[in-house]
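S.K.: You'll find entry19.cif just under this line, and it carries mmCIF, C-alpha atoms.
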```cif
data_entry
#
loop_
_atom_site.label_atom_id
_atom_site.label_comp_id
_atom_site.auth_asym_id
_atom_site.auth_seq_id
_atom_site.Cartn_x
_atom_site.Cartn_y
_atom_site.Cartn_z
CA MET B 1 -24.44 -35.05 222.66
CA THR B 2 -21.51 -32.93 221.50
CA GLU B 3 -20.94 -35.22 218.53
CA ARG B 4 -24.58 -34.82 217.52
CA LEU B 5 -24.24 -31.04 217.81
CA GLU B 6 -21.03 -31.14 215.75
CA GLN B 7 -22.97 -32.88 212.97
CA GLN B 8 -25.84 -30.42 213.18
CA ILE B 9 -23.47 -27.44 212.96
CA ALA B 10 -21.50 -29.04 210.11
CA PHE B 11 -24.77 -29.27 208.16
CA LEU B 12 -25.71 -25.66 208.98
CA ASN B 13 -22.25 -24.45 207.93
CA GLU B 14 -22.52 -26.37 204.66
CA ALA B 15 -25.98 -24.87 204.07
CA ASP B 16 -24.37 -21.41 204.17
CA LYS B 17 -23.15 -22.11 200.62
CA LEU B 18 -26.71 -21.71 199.31
CA LYS B 19 -26.15 -17.94 199.74
CA SER B 20 -23.65 -18.17 196.88
CA VAL B 21 -25.90 -20.01 194.40
CA VAL B 22 -27.13 -17.42 191.90
CA ARG B 23 -30.56 -17.67 190.25
CA GLY B 24 -31.90 -16.41 186.92
CA THR B 25 -34.20 -13.86 188.57
CA THR B 26 -33.11 -10.45 189.87
CA LEU B 27 -34.22 -8.52 192.94
CA CYS B 28 -37.28 -6.30 192.39
CA ASP B 29 -35.02 -3.27 191.88
CA ALA B 30 -32.96 -5.18 189.27
CA SER B 31 -29.76 -4.28 191.17
CA ARG B 32 -28.42 -7.86 191.08
CA TYR B 33 -29.39 -11.49 190.61
CA GLU B 34 -31.09 -13.20 193.54
CA ASN B 35 -29.41 -16.05 195.39
CA SER B 36 -31.16 -19.26 196.37
CA ALA B 37 -30.95 -18.65 200.14
CA GLU B 38 -32.71 -15.28 200.09
CA HIS B 39 -35.17 -16.68 197.51
CA SER B 40 -35.96 -19.50 199.96
CA TRP B 41 -36.60 -16.96 202.72
CA HIS B 42 -38.85 -14.92 200.43
CA LEU B 43 -40.88 -18.04 199.64
CA THR B 44 -41.43 -18.83 203.32
CA LEU B 45 -42.85 -15.31 203.62
CA TYR B 46 -45.02 -15.95 200.53
CA ALA B 47 -46.38 -19.03 202.32
CA LEU B 48 -47.21 -17.05 205.48
CA VAL B 49 -48.85 -14.21 203.56
CA LEU B 50 -50.65 -16.27 200.90
CA ALA B 51 -51.81 -19.11 203.15
CA ASP B 52 -55.41 -18.15 202.27
CA GLN B 53 -54.70 -19.37 198.72
CA ALA B 54 -53.99 -22.92 199.89
CA GLY B 55 -56.55 -25.67 199.47
CA PRO B 56 -58.13 -27.42 202.47
CA ASP B 57 -55.63 -30.33 202.48
CA VAL B 58 -52.57 -28.09 202.62
CA ASP B 59 -50.51 -28.09 205.84
CA ILE B 60 -48.88 -24.64 205.80
CA THR B 61 -46.27 -25.58 208.40
CA ARG B 62 -45.19 -28.46 206.17
CA VAL B 63 -45.16 -26.09 203.17
CA ILE B 64 -42.86 -23.70 205.04
CA LYS B 65 -40.50 -26.54 205.98
CA MET B 66 -40.40 -27.66 202.33
CA LEU B 67 -39.59 -24.13 201.19
CA ILE B 68 -36.77 -23.80 203.75
CA LEU B 69 -35.21 -27.01 202.42
CA HIS B 70 -36.23 -27.12 198.77
CA ASP B 71 -33.13 -25.57 197.17
CA LEU B 72 -30.38 -27.03 199.39
CA VAL B 73 -29.42 -29.55 196.70
CA GLU B 74 -28.43 -26.59 194.48
CA ILE B 75 -25.27 -26.27 196.59
CA ASP B 76 -23.94 -29.17 194.51
CA ALA B 77 -26.32 -29.30 191.56
CA GLY B 78 -26.66 -25.56 190.83
CA ASP B 79 -29.77 -23.65 189.84
CA ASN B 80 -31.38 -24.35 186.48
CA PRO B 81 -33.30 -21.30 185.24
CA ILE B 82 -36.75 -22.38 184.09
CA PHE B 83 -36.33 -20.84 180.61
CA GLY B 84 -32.78 -22.12 180.14
CA ASP B 85 -31.71 -25.33 178.41
CA TYR B 86 -31.13 -28.20 180.77
CA ASP B 87 -31.36 -31.97 180.81
CA ALA B 88 -34.13 -32.74 183.32
CA GLN B 89 -32.99 -36.33 183.83
CA ALA B 90 -29.34 -35.41 184.41
CA MET B 91 -30.49 -32.72 186.80
CA GLN B 92 -32.49 -35.23 188.80
CA VAL B 93 -29.51 -37.57 189.09
CA SER B 94 -27.30 -34.73 190.23
CA GLU B 95 -29.88 -33.48 192.75
CA LEU B 96 -30.27 -36.95 194.25
CA ALA B 97 -26.50 -37.25 194.71
CA ALA B 98 -26.53 -33.79 196.32
CA ALA B 99 -29.32 -34.82 198.69
CA ASP B 100 -27.33 -37.91 199.70
CA ARG B 101 -24.26 -35.85 200.49
CA ILE B 102 -25.85 -32.79 202.11
CA PHE B 103 -28.61 -34.41 204.20
CA GLY B 104 -26.04 -37.13 204.95
CA LEU B 105 -24.14 -34.65 207.13
CA LEU B 106 -26.97 -34.80 209.68
CA PRO B 107 -27.54 -37.27 212.54
CA ASP B 108 -29.65 -40.21 211.28
CA ASP B 109 -33.01 -39.19 212.74
CA LEU B 110 -32.78 -35.63 211.42
CA ARG B 111 -31.48 -36.80 208.05
CA ALA B 112 -34.48 -39.07 207.60
CA ASP B 113 -36.93 -36.38 208.73
CA LEU B 114 -35.59 -33.49 206.63
CA ARG B 115 -34.95 -35.63 203.59
CA SER B 116 -38.53 -36.92 203.64
CA ILE B 117 -39.76 -33.32 203.60
CA TRP B 118 -37.55 -32.55 200.59
CA GLU B 119 -38.66 -35.75 198.84
CA GLU B 120 -42.31 -34.89 199.39
CA PHE B 121 -41.66 -31.49 197.78
CA GLU B 122 -39.85 -33.05 194.82
CA ALA B 123 -42.55 -35.66 194.20
CA ALA B 124 -45.21 -32.91 194.06
CA LYS B 125 -48.00 -35.37 194.82
CA THR B 126 -49.41 -34.09 198.13
CA ALA B 127 -51.52 -30.94 198.33
CA SER B 128 -48.83 -29.32 200.50
CA ALA B 129 -46.06 -30.06 197.99
CA GLN B 130 -48.19 -28.79 195.11
CA PHE B 131 -48.89 -25.54 196.91
CA ALA B 132 -45.19 -25.13 197.79
CA LYS B 133 -44.25 -25.75 194.13
CA SER B 134 -46.84 -23.20 193.01
CA LEU B 135 -45.33 -20.53 195.26
CA ASP B 136 -41.86 -21.40 193.95
CA ARG B 137 -43.14 -20.74 190.40
CA PHE B 138 -45.21 -17.70 191.33
CA GLN B 139 -42.47 -15.61 192.97
CA PRO B 140 -40.19 -15.16 189.90
CA PRO B 141 -42.90 -13.56 187.70
CA MET B 142 -43.76 -11.24 190.61
CA GLN B 143 -40.06 -10.20 190.68
CA ASN B 144 -39.91 -9.85 186.87
CA LEU B 145 -42.97 -7.58 186.87
CA GLN B 146 -41.15 -5.28 189.32
CA SER B 147 -37.72 -5.35 187.71
CA GLY B 148 -38.86 -4.56 184.16
CA GLY B 149 -38.90 -8.08 182.76
CA GLY B 150 -35.86 -9.78 184.32
CA SER B 151 -35.47 -13.35 183.12
CA TRP B 152 -38.21 -12.84 180.48
CA ASN B 153 -35.84 -10.38 178.79
CA ASP B 154 -32.70 -12.46 179.39
CA TYR B 155 -34.28 -15.54 177.79
CA ASN B 156 -36.47 -13.61 175.33
CA VAL B 157 -39.63 -15.50 176.24
CA SER B 158 -43.22 -14.95 175.08
CA GLN B 159 -46.41 -14.89 177.12
CA THR B 160 -47.23 -18.30 175.68
CA GLN B 161 -43.95 -19.74 176.95
CA ILE B 162 -44.59 -18.24 180.39
CA ALA B 163 -48.06 -19.76 180.46
CA GLU B 164 -46.75 -23.19 179.43
CA LYS B 165 -43.59 -23.39 181.55
CA VAL B 166 -44.71 -21.45 184.62
CA GLY B 167 -48.43 -20.77 184.57
CA ALA B 168 -49.50 -24.39 184.23
CA LYS B 169 -47.46 -25.26 187.31
CA ILE B 170 -48.70 -22.34 189.41
CA ALA B 171 -52.27 -23.29 188.51
CA ILE B 172 -51.94 -26.81 189.95
CA GLY B 173 -51.61 -25.66 193.54
CA ALA B 174 -52.83 -22.07 193.42
CA PRO B 175 -55.17 -21.37 190.50
CA ALA B 176 -56.17 -17.87 191.69
CA LEU B 177 -52.50 -16.87 191.86
CA TRP B 178 -52.01 -17.85 188.24
CA ALA B 179 -55.14 -15.91 187.21
CA PHE B 180 -53.70 -12.88 189.04
CA ALA B 181 -50.23 -13.27 187.51
CA LYS B 182 -51.59 -13.92 184.02
CA ALA B 183 -53.52 -10.64 183.96
CA LYS B 184 -50.49 -8.70 185.25
CA ILE B 185 -48.23 -10.35 182.68
CA ALA B 186 -50.65 -9.52 179.83
CA THR B 187 -50.65 -5.85 180.88
CA PHE B 188 -46.85 -5.88 181.18
CA PHE B 189 -46.35 -7.31 177.68
CA ALA B 190 -48.98 -4.97 176.18
CA ASN B 191 -47.08 -1.96 177.52
CA ARG B 192 -43.61 -3.17 176.69
CA PRO B 193 -41.50 -1.17 174.22
CA THR B 194 -41.93 -2.86 170.80
CA ASP B 195 -38.20 -3.59 170.36
CA GLN B 196 -38.44 -6.03 173.24
CA THR B 197 -41.50 -8.00 172.12
CA MET N 1 -60.43 -10.61 196.40
CA THR N 2 -58.13 -8.99 193.87
CA GLU N 3 -57.67 -5.94 196.09
CA ARG N 4 -56.66 -8.22 198.96
CA LEU N 5 -54.19 -9.99 196.70
CA GLU N 6 -52.81 -6.63 195.52
CA GLN N 7 -52.08 -5.74 199.15
CA GLN N 8 -50.48 -9.10 199.84
CA ILE N 9 -48.22 -8.78 196.79
CA ALA N 10 -47.33 -5.16 197.63
CA PHE N 11 -46.12 -6.39 201.02
CA LEU N 12 -44.14 -9.25 199.47
CA ASN N 13 -42.56 -6.88 196.95
CA GLU N 14 -41.61 -4.48 199.74
CA ALA N 15 -40.12 -7.37 201.73
CA ASP N 16 -37.74 -7.99 198.80
CA LYS N 17 -35.74 -5.00 200.07
CA LEU N 18 -34.51 -7.07 203.03
CA LYS N 19 -32.16 -8.74 200.53
CA SER N 20 -30.30 -5.41 200.31
CA VAL N 21 -29.85 -4.87 204.07
CA VAL N 22 -26.24 -5.77 204.88
CA ARG N 23 -25.25 -7.25 208.24
CA GLY N 24 -22.01 -7.15 210.22
CA THR N 25 -21.35 -10.88 209.74
CA THR N 26 -19.85 -12.44 206.62
CA LEU N 27 -20.63 -15.71 204.88
CA CYS N 28 -18.66 -18.70 206.21
CA ASP N 29 -16.17 -18.34 203.33
CA ALA N 30 -15.68 -14.62 204.16
CA SER N 31 -16.42 -13.75 200.52
CA ARG N 32 -18.88 -10.98 201.39
CA TYR N 33 -21.12 -9.66 204.16
CA GLU N 34 -24.38 -11.48 204.74
CA ASN N 35 -27.73 -9.81 204.05
CA SER N 36 -30.68 -9.96 206.42
CA ALA N 37 -32.91 -11.99 204.08
CA GLU N 38 -30.48 -14.89 203.65
CA HIS N 39 -29.64 -14.65 207.37
CA SER N 40 -33.36 -15.05 208.12
CA TRP N 41 -33.50 -18.14 205.91
CA HIS N 42 -30.44 -19.60 207.61
CA LEU N 43 -32.08 -19.09 211.02
CA THR N 44 -35.23 -20.95 209.95
CA LEU N 45 -32.93 -23.84 209.04
CA TYR N 46 -31.21 -23.52 212.43
CA ALA N 47 -34.65 -23.86 214.05
CA LEU N 48 -35.46 -27.00 212.04
CA VAL N 49 -32.08 -28.61 212.73
CA LEU N 50 -31.67 -27.54 216.37
CA ALA N 51 -35.26 -28.08 217.49
CA ASP N 52 -33.94 -30.66 219.97
CA GLN N 53 -32.31 -27.79 221.87
CA ALA N 54 -35.66 -26.13 222.56
CA GLY N 55 -37.30 -26.37 225.97
CA PRO N 56 -40.66 -28.15 226.46
CA ASP N 57 -42.74 -24.95 226.14
CA VAL N 58 -41.27 -23.94 222.80
CA ASP N 59 -43.54 -24.09 219.73
CA ILE N 60 -41.07 -24.62 216.88
CA THR N 61 -43.57 -23.60 214.20
CA ARG N 62 -44.07 -20.29 216.01
CA VAL N 63 -40.26 -19.94 216.29
CA ILE N 64 -39.90 -20.42 212.54
CA LYS N 65 -42.58 -17.82 211.83
CA MET N 66 -40.80 -15.36 214.16
CA LEU N 67 -37.50 -15.95 212.39
CA ILE N 68 -39.08 -15.40 208.96
CA LEU N 69 -40.44 -12.03 210.13
CA HIS N 70 -37.93 -10.88 212.75
CA ASP N 71 -35.73 -8.63 210.58
CA LEU N 72 -38.34 -7.09 208.26
CA VAL N 73 -38.23 -3.79 210.19
CA GLU N 74 -34.58 -3.45 209.13
CA ILE N 75 -35.84 -2.43 205.68
CA ASP N 76 -36.45 1.00 207.22
CA ALA N 77 -34.44 0.85 210.46
CA GLY N 78 -31.27 -0.86 209.17
CA ASP N 79 -29.21 -3.53 210.91
CA ASN N 80 -27.31 -2.63 214.08
CA PRO N 81 -24.28 -4.88 214.51
CA ILE N 82 -24.20 -6.23 218.05
CA PHE N 83 -20.66 -4.94 218.73
CA GLY N 84 -21.24 -1.55 217.10
CA ASP N 85 -22.32 1.66 218.83
CA TYR N 86 -26.02 2.31 218.69
CA ASP N 87 -28.73 3.98 220.74
CA ALA N 88 -31.04 1.14 221.81
CA GLN N 89 -33.95 3.45 222.57
CA ALA N 90 -33.72 5.32 219.24
CA MET N 91 -33.48 1.96 217.49
CA GLN N 92 -36.67 0.78 219.17
CA VAL N 93 -38.55 3.90 218.09
CA SER N 94 -37.35 3.50 214.53
CA GLU N 95 -38.24 -0.22 214.46
CA LEU N 96 -41.74 0.48 215.73
CA ALA N 97 -42.29 3.05 212.99
CA ALA N 98 -40.97 0.53 210.48
CA ALA N 99 -43.36 -2.14 211.76
CA ASP N 100 -46.29 0.31 211.41
CA ARG N 101 -45.38 1.06 207.82
CA ILE N 102 -44.36 -2.39 206.60
CA PHE N 103 -46.97 -4.60 208.30
CA GLY N 104 -49.44 -1.79 207.47
CA LEU N 105 -49.22 -2.78 203.81
CA LEU N 106 -51.12 -6.00 204.59
CA PRO N 107 -54.86 -6.60 204.80
CA ASP N 108 -56.07 -6.00 208.40
CA ASP N 109 -56.35 -9.62 209.53
CA LEU N 110 -52.91 -10.56 208.24
CA ARG N 111 -51.36 -7.37 209.59
CA ALA N 112 -52.64 -8.16 213.08
CA ASP N 113 -51.53 -11.78 212.87
CA LEU N 114 -48.00 -11.22 211.55
CA ARG N 115 -47.38 -8.18 213.69
CA SER N 116 -48.31 -10.11 216.83
CA ILE N 117 -45.71 -12.74 215.91
CA TRP N 118 -43.06 -10.03 215.48
CA GLU N 119 -44.09 -8.36 218.76
CA GLU N 120 -43.85 -11.67 220.61
CA PHE N 121 -40.31 -12.07 219.27
CA GLU N 122 -39.34 -8.53 220.24
CA ALA N 123 -40.76 -8.85 223.76
CA ALA N 124 -38.69 -12.02 224.34
CA LYS N 125 -40.96 -13.18 227.15
CA THR N 126 -42.36 -16.46 225.84
CA ALA N 127 -40.26 -19.62 225.63
CA SER N 128 -40.66 -19.60 221.84
CA ALA N 129 -39.43 -16.01 221.52
CA GLN N 130 -36.49 -16.70 223.84
CA PHE N 131 -35.45 -19.70 221.79
CA ALA N 132 -35.79 -17.71 218.54
CA LYS N 133 -33.66 -14.91 220.03
CA SER N 134 -31.04 -17.45 221.13
CA LEU N 135 -30.74 -18.82 217.59
CA ASP N 136 -30.46 -15.26 216.24
CA ARG N 137 -27.48 -14.72 218.58
CA PHE N 138 -25.97 -18.16 218.04
CA GLN N 139 -25.64 -18.06 214.25
CA PRO N 140 -23.17 -15.12 213.96
CA PRO N 141 -20.48 -16.75 216.16
CA MET N 142 -20.88 -19.96 214.14
CA GLN N 143 -20.21 -17.87 210.98
CA ASN N 144 -17.27 -16.04 212.61
CA LEU N 145 -15.65 -19.33 213.62
CA GLN N 146 -15.77 -20.40 209.96
CA SER N 147 -14.69 -17.13 208.38
CA GLY N 148 -11.62 -16.54 210.56
CA GLY N 149 -13.15 -14.14 213.05
CA GLY N 150 -15.46 -11.93 210.98
CA SER N 151 -17.14 -9.27 213.11
CA TRP N 152 -14.90 -10.15 216.09
CA ASN N 153 -11.97 -8.83 214.05
CA ASP N 154 -13.88 -5.87 212.58
CA TYR N 155 -14.94 -4.67 216.04
CA ASN N 156 -11.82 -5.94 217.85
CA VAL N 157 -13.78 -7.72 220.58
CA SER N 158 -12.57 -9.95 223.40
CA GLN N 159 -13.94 -13.26 224.60
CA THR N 160 -15.34 -11.44 227.63
CA GLN N 161 -17.27 -9.03 225.41
CA ILE N 162 -18.62 -11.94 223.37
CA ALA N 163 -19.73 -13.70 226.56
CA GLU N 164 -21.46 -10.56 227.86
CA LYS N 165 -23.10 -9.29 224.68
CA VAL N 166 -23.89 -12.57 222.94
CA GLY N 167 -23.35 -15.52 225.27
CA ALA N 168 -25.68 -14.33 228.00
CA LYS N 169 -28.49 -14.00 225.46
CA ILE N 170 -27.89 -17.37 223.81
CA ALA N 171 -27.90 -18.99 227.25
CA ILE N 172 -31.41 -17.73 228.06
CA GLY N 173 -33.15 -19.87 225.45
CA ALA N 174 -30.51 -22.44 224.55
CA PRO N 175 -27.91 -23.01 227.32
CA ALA N 176 -26.28 -26.03 225.68
CA LEU N 177 -25.70 -24.00 222.50
CA TRP N 178 -23.85 -21.35 224.47
CA ALA N 179 -21.74 -24.02 226.21
CA PHE N 180 -20.89 -25.41 222.76
CA ALA N 181 -20.11 -21.98 221.27
CA LYS N 182 -18.10 -20.87 224.30
CA ALA N 183 -15.73 -23.83 224.05
CA LYS N 184 -15.27 -23.30 220.29
CA ILE N 185 -14.63 -19.58 220.81
CA ALA N 186 -12.04 -20.29 223.52
CA THR N 187 -10.18 -22.63 221.15
CA PHE N 188 -10.41 -20.07 218.35
CA PHE N 189 -8.96 -17.26 220.46
CA ALA N 190 -6.24 -19.53 221.88
CA ASN N 191 -5.06 -20.36 218.35
CA ARG N 192 -5.34 -16.88 216.92
CA PRO N 193 -2.16 -15.15 215.64
CA THR N 194 -0.90 -12.89 218.46
CA ASP N 195 -1.13 -9.67 216.43
CA GLN N 196 -4.89 -10.07 216.40
CA THR N 197 -5.43 -10.70 220.09
#
```
In structure tokens, write the structure found in this file.
M.R.:
Amino acid sequence: MTERLEQQIAFLNEADKLKSVVRGTTLCDASRYENSAEHSWHLTLYALVLADQAGPDVDITRVIKMLILHDLVEIDAGDNPIFGDYDAQAMQVSELAAADRIFGLLPDDLRADLRSIWEEFEAAKTASAQFAKSLDRFQPPMQNLQSGGGSWNDYNVSQTQIAEKVGAKIAIGAPALWAFAKAKIATFFANRPTDQT
Amino acid sequence: MTERLEQQIAFLNEADKLKSVVRGTTLCDASRYENSAEHSWHLTLYALVLADQAGPDVDITRVIKMLILHDLVEIDAGDNPIFGDYDAQAMQVSELAAADRIFGLLPDDLRADLRSIWEEFEAAKTASAQFAKSLDRFQPPMQNLQSGGGSWNDYNVSQTQIAEKVGAKIAIGAPALWAFAKAKIATFFANRPTDQT
């Protein structure tokens, strides 16, 4: 019993490191870059509040569990900003090694359970995983709209690039959320000072 | 539809402010104080990983929803470190006003739903709320044990004070977690440099 609890706490202590993984998106007030732990919390709240956007086959409890776990591998593999340059295949290898190490801290039954939730998210084949992925893509533009552009400015991206890299993925699991974001983004870019366009 | 979505997003944007509410506990590596958003995420992970510590009447999904929402009122009311001086009655008044304002940003049905989850947590009468509260009290000592004492040093507290202010509350919903923490805390204090005891 105590040994099991020691393993559970070792995992939870290791997970604390996600609070130090910095993302490409800032807080709404642009005061600093967001970390992956608080981002994960925000997404679980997105799931609670936007559950009415999920299709009939989506299990919201499963979505919330995916969102709690989805970024843990970044403790080893780091965050790769969507508009940055990265090698998708190398990233996948590094995330798999991270999953082996981090979920491997848990007792066997829990490791299998939590890892299967993370793998379902990564595979993006079930309705629940697709909705979770859509929320993960939908939150950063909502933050950028509040902060004055955020990562769109940092990476100097166009509306077309946003639509291709982000919009297409939001639309898979939550088409009405992409329609909403797209209109807001168009207004934002139309009203942007010309030296930034 | 769009007006509903505008309200949902306004709430989610407001919730972003929880990332700027600083707590009395540090990260495990003591590099900085923890904020209430990342703390909330960590607690949802505690619930997933320590679900086997919950009694038979606990609904873990409900616990996770409580933990996602439990600190939102701190956006207006601030965090009150457990070992600090605060007026519990004034805090309750200020948290109720915060709940009115913050949950009030939501469409009516969602406001009623999410607020009832928060109120169940606050009332601490159901098995689910008691387990959620126990996790909320159990995580800070786990962080302090990692960081070299954390808020125990800042507030110069004794083992007796920890047992009274924290232990008793952990024990209500998760007695084995308090037994585990208590033993770790005893070892920690026994090995502490004498100038800190």
S.K.: Tell me the residues of chain N close to chain B, meaning within 6 Å using only C-alpha atoms, as a ChimeraX atom specification.
M.R.: /N:37-38,41
S.K.: I'd like the interatomic distance between CA of Met66 in chain B and CA of Ala123 in chain B, to a tenth of an Å.
M.R.: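 Atom-to-atom, CA of Met66 in chain B and CA of Ala123 in chain B are spaced 11.6 Å apart.
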S.K.: Return the single residue from B:Gly150, B:Pro141, B:Gly104, B:Gly173 that is closest to Ile185 in chain B, with distances computed using all atoms listed in the file.
M.R.: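 Once distances to Ile185 in chain B are computed over all atoms listed in the file, the minimum belongs to B:Pro141.
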S.K.: Suppose you want the space between CA of Gly149 in chain B and CA of Pro81 in chain B; what is it in Å?
M.R.: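 Going from CA of Gly149 in chain B over to CA of Pro81 in chain B covers 14.6 Å.
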S.K.: When you look at Val73 in chain N with a cut-off of 10 Å (counting only C-alpha atoms), what residues show up, excluding the ones that are within fewer than 4 positions of it in the same chain? I need them as a list in words.
M.R.: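 Residues meeting the cut-off are Ala15, Leu18, Leu69, Ala77, Gly78, Asp79, Ser94, Glu95, Leu96, Ala97, Ala98, Ala99, Asp100, Arg101, Ile102, Phe103 and Trp118 of chain N.
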S.K.: Emit as AutoDock Vina command-line options the padded axis-aligned box for all listed atoms of range 78-85 of chain N, 5 Å per side, with centre and edge lengths in Å to one decimal.
M.R.:
```
--center_x -26.0 --center_y -2.3 --center_z 214.0 --size_x 20.6 --size_y 17.9 --size_z 19.7
```
S.K.: May I have the residues within 10 Å of Val166 in chain B as a list in words, using all atoms listed in the file and disregarding those fewer than 2 positions away in the same chain?
M.R.: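 The neighbour list is Ile82, Phe83, Ser134, Asp136, Arg137, Phe138, Pro140, Pro141, Thr160, Gln161, Ile162, Ala163, Glu164, Ala168, Lys169, Ile170, Ala171 and Trp178 of chain B.
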S.K.: List every protein, DNA or RNA residue that has an atom no more than 7 Å from (-30.3, -19.1, 187.4) in the file's coordinate frame, counting only C-alpha atoms, and report them as a PDB file with C-alpha atoms, keeping the file's coordinate frame.
M.R.:
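Just written: point_17.pdb:
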```pdb
ATOM      1  CA  VAL B  22     -27.130 -17.420 191.900  1.00  0.00           C
ATOM      2  CA  ARG B  23     -30.560 -17.670 190.250  1.00  0.00           C
ATOM      3  CA  GLY B  24     -31.900 -16.410 186.920  1.00  0.00           C
ATOM      4  CA  THR B  25     -34.200 -13.860 188.570  1.00  0.00           C
ATOM      5  CA  ASP B  79     -29.770 -23.650 189.840  1.00  0.00           C
ATOM      6  CA  ASN B  80     -31.380 -24.350 186.480  1.00  0.00           C
ATOM      7  CA  PRO B  81     -33.300 -21.300 185.240  1.00  0.00           C
TER       8      PRO B  81
END
```
S.K.: May I ask for the distance between CA of Glu74 in chain N and CA of Gln130 in chain N, given in Å to one decimal place?
M.R.: 19.9 Å
S.K.: Quick one: residues within 8 Å of Val63 in chain B, only C-alpha atoms, excluding same-chain residues fewer than 3 positions away - as a PyMOL selection string?
M.R.: chain B and resi 47+58-60+66-67+128-129+131-132
S.K.: Which residue gives the smallest distance to Thr26 in chain N among N:Asn156, N:Asn144, N:Gln7, N:Thr126, with all atoms listed in the file counted?
M.R.: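 For Thr26 in chain N, the nearest of the given residues is N:Asn144.
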